[in-house]
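J.: First, the structure itself, so that you have it in front of you.
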Amino acid sequence: MIRLRRFLTELRRYPSALAGIIIILLLLITSIVVPIMTPYSEALRLWRGGEDIWAQYPRNAWPVWYNLFVEGTLPETIVFDSSKEDGVITEQQLSEGTREILFSYEFDYQYDDFPPEMNVFTKAKYTEKQPFVEMTWYTPDGRDIRLGEFSSGPTTSFRFAQEERLQRRLERETGIDNVAANKALFDDPSQEGLQPLKGTYRIELAGLLFEEDSELETTFVSYGLVHGIAGTDHRRRDLSVALLWGTPIAMAFGLLAAIGTTVTTMGIAAVGVWYGGWLDGLIQRITEINAIIPLLPILIMVGTFYSRSIWLMLGLVILLSIFGLSIKNYRAIFLQVRELPYIDAAKAYGAGNLRIIFRYLIPRVLPLIIPSLILLIPSFVFLEASLAVLGLGDPVLPTWGKLINDANSEGALFNGFYYWILEPAGLLMLAGFGFALVGFALDRIFNPRLREL
Amino acid sequence: MSQEILQPEFSDEVFSQDVDLDEMRATERKAKRQATVRMIRYTLLKLLALIFTVAVGVYFTVLIANMGGYVDEIRRGQIRETIVLAASLDPEFRQLPESERTAIIEQRVANEEARYGLDRPFILRSFSYLADAMTLNLGFSQQLSSDSGSRLVRNIILERLPSTLVLFGTSNLLLFFISLFFGLTLSRRYGSISDKLVLGLAPTSAAPAWFYGLFLILIFAGLFSLLPFGGMVSAPPPDNPLDYSLSVLQHMILPVGAWLISGIFLTIYQWRTFFLIYASEDYVDMAKAKGLTDRMIERRYVLRPTLPNIITQFALLLITLWTGAIILETVFNWPGIGQLYFRAIGVFDIPVILANTVVYAYLLALTVFLLDFIYALVDPRVRIGGGGEKS
């Protein structure tokens, strides 16, 4: 208890260590909260679910806070979903068997740019005759534009960006050539060039249903240039899922690998020193061979040939690091500890070999190991990221490294999607620095030789 | 340590008066000859041990590669494919009835498999694979080819080795000498602002070089378009050798910079601490008391006894380099063996992956060997042969 308090007062002399501890705590809390809030299966559904889940997200959108750094306001995503009772829905019986449902979606558009895409999705239930949908666009300056009409199948999508007929009609009206409908519809005709008109827009979808028990649901999506707190990737996925779920994975990988390698290496070094003789020699030779086996290439080979599961990689990392070069360091320490009198005392009272190793030798060395253990964690966190960057990330789990890999292979830096790299990289750096700051401070506290330096 | 350094001076003075000069020279020559013999023996032993170690390491690699029977599977597939292709091009063969055709193909495949030794048990085959792998005699790649068009795995790798060596040789030599220089300077003014700055920046080395590479690309290539995004020379490559090397230099700035950023502060910090510890040894105080100049103390009493450690550090730096190269080259699209490795993974080109692993094992072994050799040159315990356990 006194030792702990003295240790804490000591630690207070290192503000960098406190900052590191705060970072680590934040990351650990995130790692605990995230799996509770979005369970594993839910996270996988959100990340690997397919087009159904992502359809309403924009492609390659910057995070919302990017608006703080740019002139003007970039549009956010606007979604109206009739199945969630958005907008105003009125139903009218026209004649026997024929109904008209009018979906009226009204929204305020105060942005300085155009939505990159705009879609209408419909879902219909019918036995023979498909419902018929007519769409009209009302602008703030009082114009109304016929958008087009289509017969809705079980699921139909109307993509404004690909509607050439609508585009040509809008060209005739606005006089601006070669502009897709999703942009031309927001154009301010009173101004020169392409300028968005701010104000309240309305889109009306009139559905004609020709059967008594036929049903129709519609969704209108005006995609944003910014989306969510983390933005989206090339497959419209929300990056925040991977960023949040990457935290527990990175922490688990780093902690388990660091503890696993340190504990096993230390145990082996202690056994070798205690028994000595050929066992010690064998351990030394294996260490030398192991130093020549390149870790990363082996991981890459296993990843290519067998499985890319993150847990297999973790096991391999530990396995290949058991006989790491650090055995030599530990050995030097244990050689000194072995000669201390309390070990003789233990021998005198008849303690067995294993008891001496695990109860007397190892605990004595433990405090010396802690700083290097903590300094090891970021290197393993980055190792996971490195593997992912090489395309050997876990095939299922979303991780920080896989985001960087996706971004890199989609040319994020070249195309200017900087957020895509900066967000996972920032988190990696945070984790790395957090542990490194603490590790360096501990190193100086536990190593009296360094303390006065 | 201090005794070893000081002893020769004393012994010369004390003994030279009463021992016959000729006799002394003879013993000296003899000692020198013995030392040379010992050095050679030591080096040869180390070399043998290392070749053995590499063999064990490569064997391990072969085992991993073949644990799921992948290598065999691929060889079998290749054999069948070439035979079926050759047969289908033969007009006489096409006229034969179906059953006869299959029989002939099966027969040829079996012959060919026997020729490659695929019918022997794996244990025997694994040793022939080992021999092949050790000599990089891994046949043809499956997808990749060298720039000169060769599909021999050995050519593909040897062609790319120089660019890796250029990039990482430069980076590491720079890192080593810059950090050594600043480490020594800081140890002299320890406690100053620059010292504290380096101390505070040391944790930046937690991130690997490729990580900083991404940022450097973002800033210098993406935002300001000052430097190229990657590659080794501009396209098309300049004809003039001078322009060519200038272009290579320009492409090297960012990867070398990334390597330096990720390594420099921690290494400087380590050197500074290291020199500080050694500068507080008793024999250094003694030298100060003798009134020697700072430079002299530094050269003779700090640098000289720490030389083996400095060399070890350098070798360890090299070892981390070989594996760090894979990703840094990938990020910067540098046409070295690291990037080749990455591409081989992408197209599942197993001979190239295997050969690359072997090359890495060789590079590591070579590093360790050089380390041992230089150690033998500078460490008196090895040279004099009085040594014993190094720990």
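In the structure tokens, chains take the letters A, B, ... in the order shown, each chain's residues start at 1, and ligands count up from 1 in the order shown.
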Could you please select, counting only C-alpha atoms, the residues of chain B within 7 Å of chain A and state them as a list in words?
T.: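 Result, ordered by chain then number: Thr53, Val54, Gly57, Pro203, Thr204, Ala206, Ala207, Leu218, Gly222, Thr323, Ile327, Phe342, Ile345, Thr357, Tyr360, Ala361, Leu364, Ala365 and Ser391 of chain B.
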J.: Can those selected residues be exported to a file as a short mmCIF file (atom, residue, chain, number, x, y, z; two decimals), in the first residue's frame so that it contains N, CA, C and O atoms?
T.:
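What landed in again_10.cif:
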data_model
loop_
_atom_site.label_atom_id
_atom_site.label_comp_id
_atom_site.auth_asym_id
_atom_site.auth_seq_id
_atom_site.Cartn_x
_atom_site.Cartn_y
_atom_site.Cartn_z
N THR B 53 21.88 -22.38 -39.02
CA THR B 53 20.69 -21.68 -38.53
C THR B 53 19.78 -21.29 -39.68
O THR B 53 18.56 -21.45 -39.59
N VAL B 54 20.37 -20.76 -40.76
CA VAL B 54 19.54 -20.39 -41.90
C VAL B 54 18.82 -21.62 -42.43
O VAL B 54 17.63 -21.57 -42.74
N GLY B 57 15.96 -22.39 -40.28
CA GLY B 57 14.91 -21.39 -40.48
C GLY B 57 14.18 -21.60 -41.78
O GLY B 57 12.94 -21.57 -41.83
N PRO B 203 8.52 9.18 -27.57
CA PRO B 203 7.40 8.27 -27.83
C PRO B 203 6.92 8.26 -29.28
O PRO B 203 6.19 7.35 -29.66
N THR B 204 7.31 9.24 -30.10
CA THR B 204 6.86 9.20 -31.50
C THR B 204 7.33 7.95 -32.21
O THR B 204 6.76 7.56 -33.22
N ALA B 206 6.88 5.11 -31.38
CA ALA B 206 5.95 3.99 -31.23
C ALA B 206 5.31 3.65 -32.56
O ALA B 206 4.92 2.52 -32.79
N ALA B 207 5.21 4.62 -33.46
CA ALA B 207 4.58 4.36 -34.76
C ALA B 207 5.65 3.98 -35.78
O ALA B 207 6.72 4.56 -35.79
N LEU B 218 0.57 12.59 -47.68
CA LEU B 218 -0.60 13.47 -47.60
C LEU B 218 -0.17 14.93 -47.71
O LEU B 218 -0.73 15.71 -48.48
N GLY B 222 0.15 15.20 -51.58
CA GLY B 222 -1.27 15.46 -51.76
C GLY B 222 -1.61 16.94 -51.69
O GLY B 222 -2.18 17.51 -52.61
N THR B 323 12.44 -6.13 -42.14
CA THR B 323 11.01 -6.41 -42.13
C THR B 323 10.19 -5.14 -42.29
O THR B 323 9.13 -5.16 -42.88
N ILE B 327 6.50 -2.96 -45.72
CA ILE B 327 5.34 -2.07 -45.75
C ILE B 327 5.72 -0.69 -46.25
O ILE B 327 4.98 -0.08 -47.01
N PHE B 342 4.69 -7.85 -51.36
CA PHE B 342 3.30 -7.41 -51.27
C PHE B 342 2.52 -7.84 -52.51
O PHE B 342 1.41 -8.37 -52.43
N ILE B 345 1.88 -11.53 -52.60
CA ILE B 345 0.77 -11.92 -51.74
C ILE B 345 -0.53 -11.67 -52.47
O ILE B 345 -1.44 -12.48 -52.47
N THR B 357 10.90 -14.94 -48.55
CA THR B 357 11.14 -15.28 -47.15
C THR B 357 12.57 -15.75 -46.98
O THR B 357 13.26 -15.38 -46.03
N TYR B 360 14.91 -12.89 -47.04
CA TYR B 360 14.92 -12.17 -45.76
C TYR B 360 15.75 -12.92 -44.73
O TYR B 360 16.50 -12.32 -43.97
N ALA B 361 15.59 -14.25 -44.70
CA ALA B 361 16.38 -15.03 -43.75
C ALA B 361 17.87 -14.84 -44.02
O ALA B 361 18.66 -14.65 -43.10
N LEU B 364 18.98 -11.38 -42.84
CA LEU B 364 19.12 -11.35 -41.38
C LEU B 364 20.39 -12.06 -40.96
O LEU B 364 21.16 -11.57 -40.14
N ALA B 365 20.62 -13.24 -41.56
CA ALA B 365 21.81 -14.01 -41.19
C ALA B 365 23.07 -13.24 -41.52
O ALA B 365 24.02 -13.20 -40.74
N SER B 391 27.46 -11.95 -21.80
CA SER B 391 26.06 -11.93 -21.41
C SER B 391 25.58 -10.51 -21.25
O SER B 391 26.37 -9.60 -21.16
#
J.: Give me the residues near stretch 78-84 of chain B as JSON, numbers by chain, where near means some atom within 12 Å (using only C-alpha atoms) and where sequence neighbours in that chain fewer than 3 positions away do not count.
T.: {"B": [71, 72, 73, 74, 75, 87, 88, 89, 90, 93, 94, 101, 102, 103, 104, 105, 106, 107, 108, 109, 110, 111, 112, 113, 114, 115, 116, 118, 139, 140, 141, 142]}
J.: List the neighbours of B:Pro255 out to 8 Å using only C-alpha atoms; skip same-chain residues closer than 3 positions along the sequence, and give me the result as a list in words.
T.: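 Here the answer would be Leu167, Gly213, His251, Met252, Ala258, Trp259, Leu328 and Phe332 of chain B.
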J.: Return as a ChimeraX atom specification the full set of residues in stretch 44-163 of chain A whose backbone-based DSSP assignment is alpha helix (DSSP H).
T.: /A:44-48,51-54
J.: Mind giving me the straight-line distance from atom CA of A:Tyr40 to atom CA of A:Ile22 in Å, one decimal?
T.: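 We find that atom CA of A:Tyr40 and atom CA of A:Ile22 lie 26.1 Å from each other.
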J.: I'd like to know which of B:Phe373, B:Val358, B:Glu159, B:Leu227 is closest to B:Asp147, using only C-alpha atoms.
T.: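 Among the listed residues, B:Glu159 lies closest to B:Asp147.
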J.: Which polymer residues have any atom within 7 Å of an atom of B:Ile337, counting only C-alpha atoms, with same-chain residues fewer than 6 positions away left out, as a PyMOL selection string?
T.: chain B and resi 157+160-161+164
J.: Might you pull out every residue within 7 Å of stretch 190-196 of chain A, with only C-alpha atoms counted and same-chain residues fewer than 6 positions away left off, and present them as a VMD selection string?
T.: chain A and resid 112 to 114
J.: Within 10 Å of A:Trp54, counting only C-alpha atoms, which residues show up once you throw out same-chain ones fewer than 6 positions away? Write them as an MDAnalysis selection string, please.
T.: chainID A and resid 46:48 232 235:238
J.: Find the residue from A:Asp280, A:Asp406, A:Glu163, A:Glu173 that sits nearest to A:Glu117; use only C-alpha atoms when measuring.
T.: A:Glu163
J.: May I ask for the distance between atom CA of B:Leu158 and atom CA of B:Asn356, given in Å to one decimal place?
T.: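 Atom CA of B:Asn356 lies 10.2 Å from atom CA of B:Leu158.
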J.: One decimal, Å: what's the distance from atom CA of B:Ile51 over to atom CA of B:Asp372, could you say?
T.: 13.7 Å
J.: Rank A:Leu354, A:Leu361, A:Ile203, A:Leu239 by their smallest atom-to-atom distance to A:Tyr342, using only C-alpha atoms, and report the top residue only.
T.: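 Nearest to A:Tyr342: A:Leu361.
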J.: Fewer than 5 positions away in the same chain doesn't count, so skip those; otherwise give me all residues within 7 Å of A:Ile327, counting only C-alpha atoms, as a ChimeraX atom specification.
T.: /A:265-266,269
J.: Which residue, B:Met296, B:Ala35, B:Leu260, B:Ala133, has the smallest gap to B:Leu173 when you use only C-alpha atoms?
T.: B:Leu260
J.: Counting only C-alpha atoms, which of A:Thr261, A:Asn182, A:Ser309, A:Thr287 gets nearest to A:Leu373?
T.: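 Among A:Thr261, A:Asn182, A:Ser309, A:Thr287, it is A:Thr261 that comes nearest to A:Leu373.
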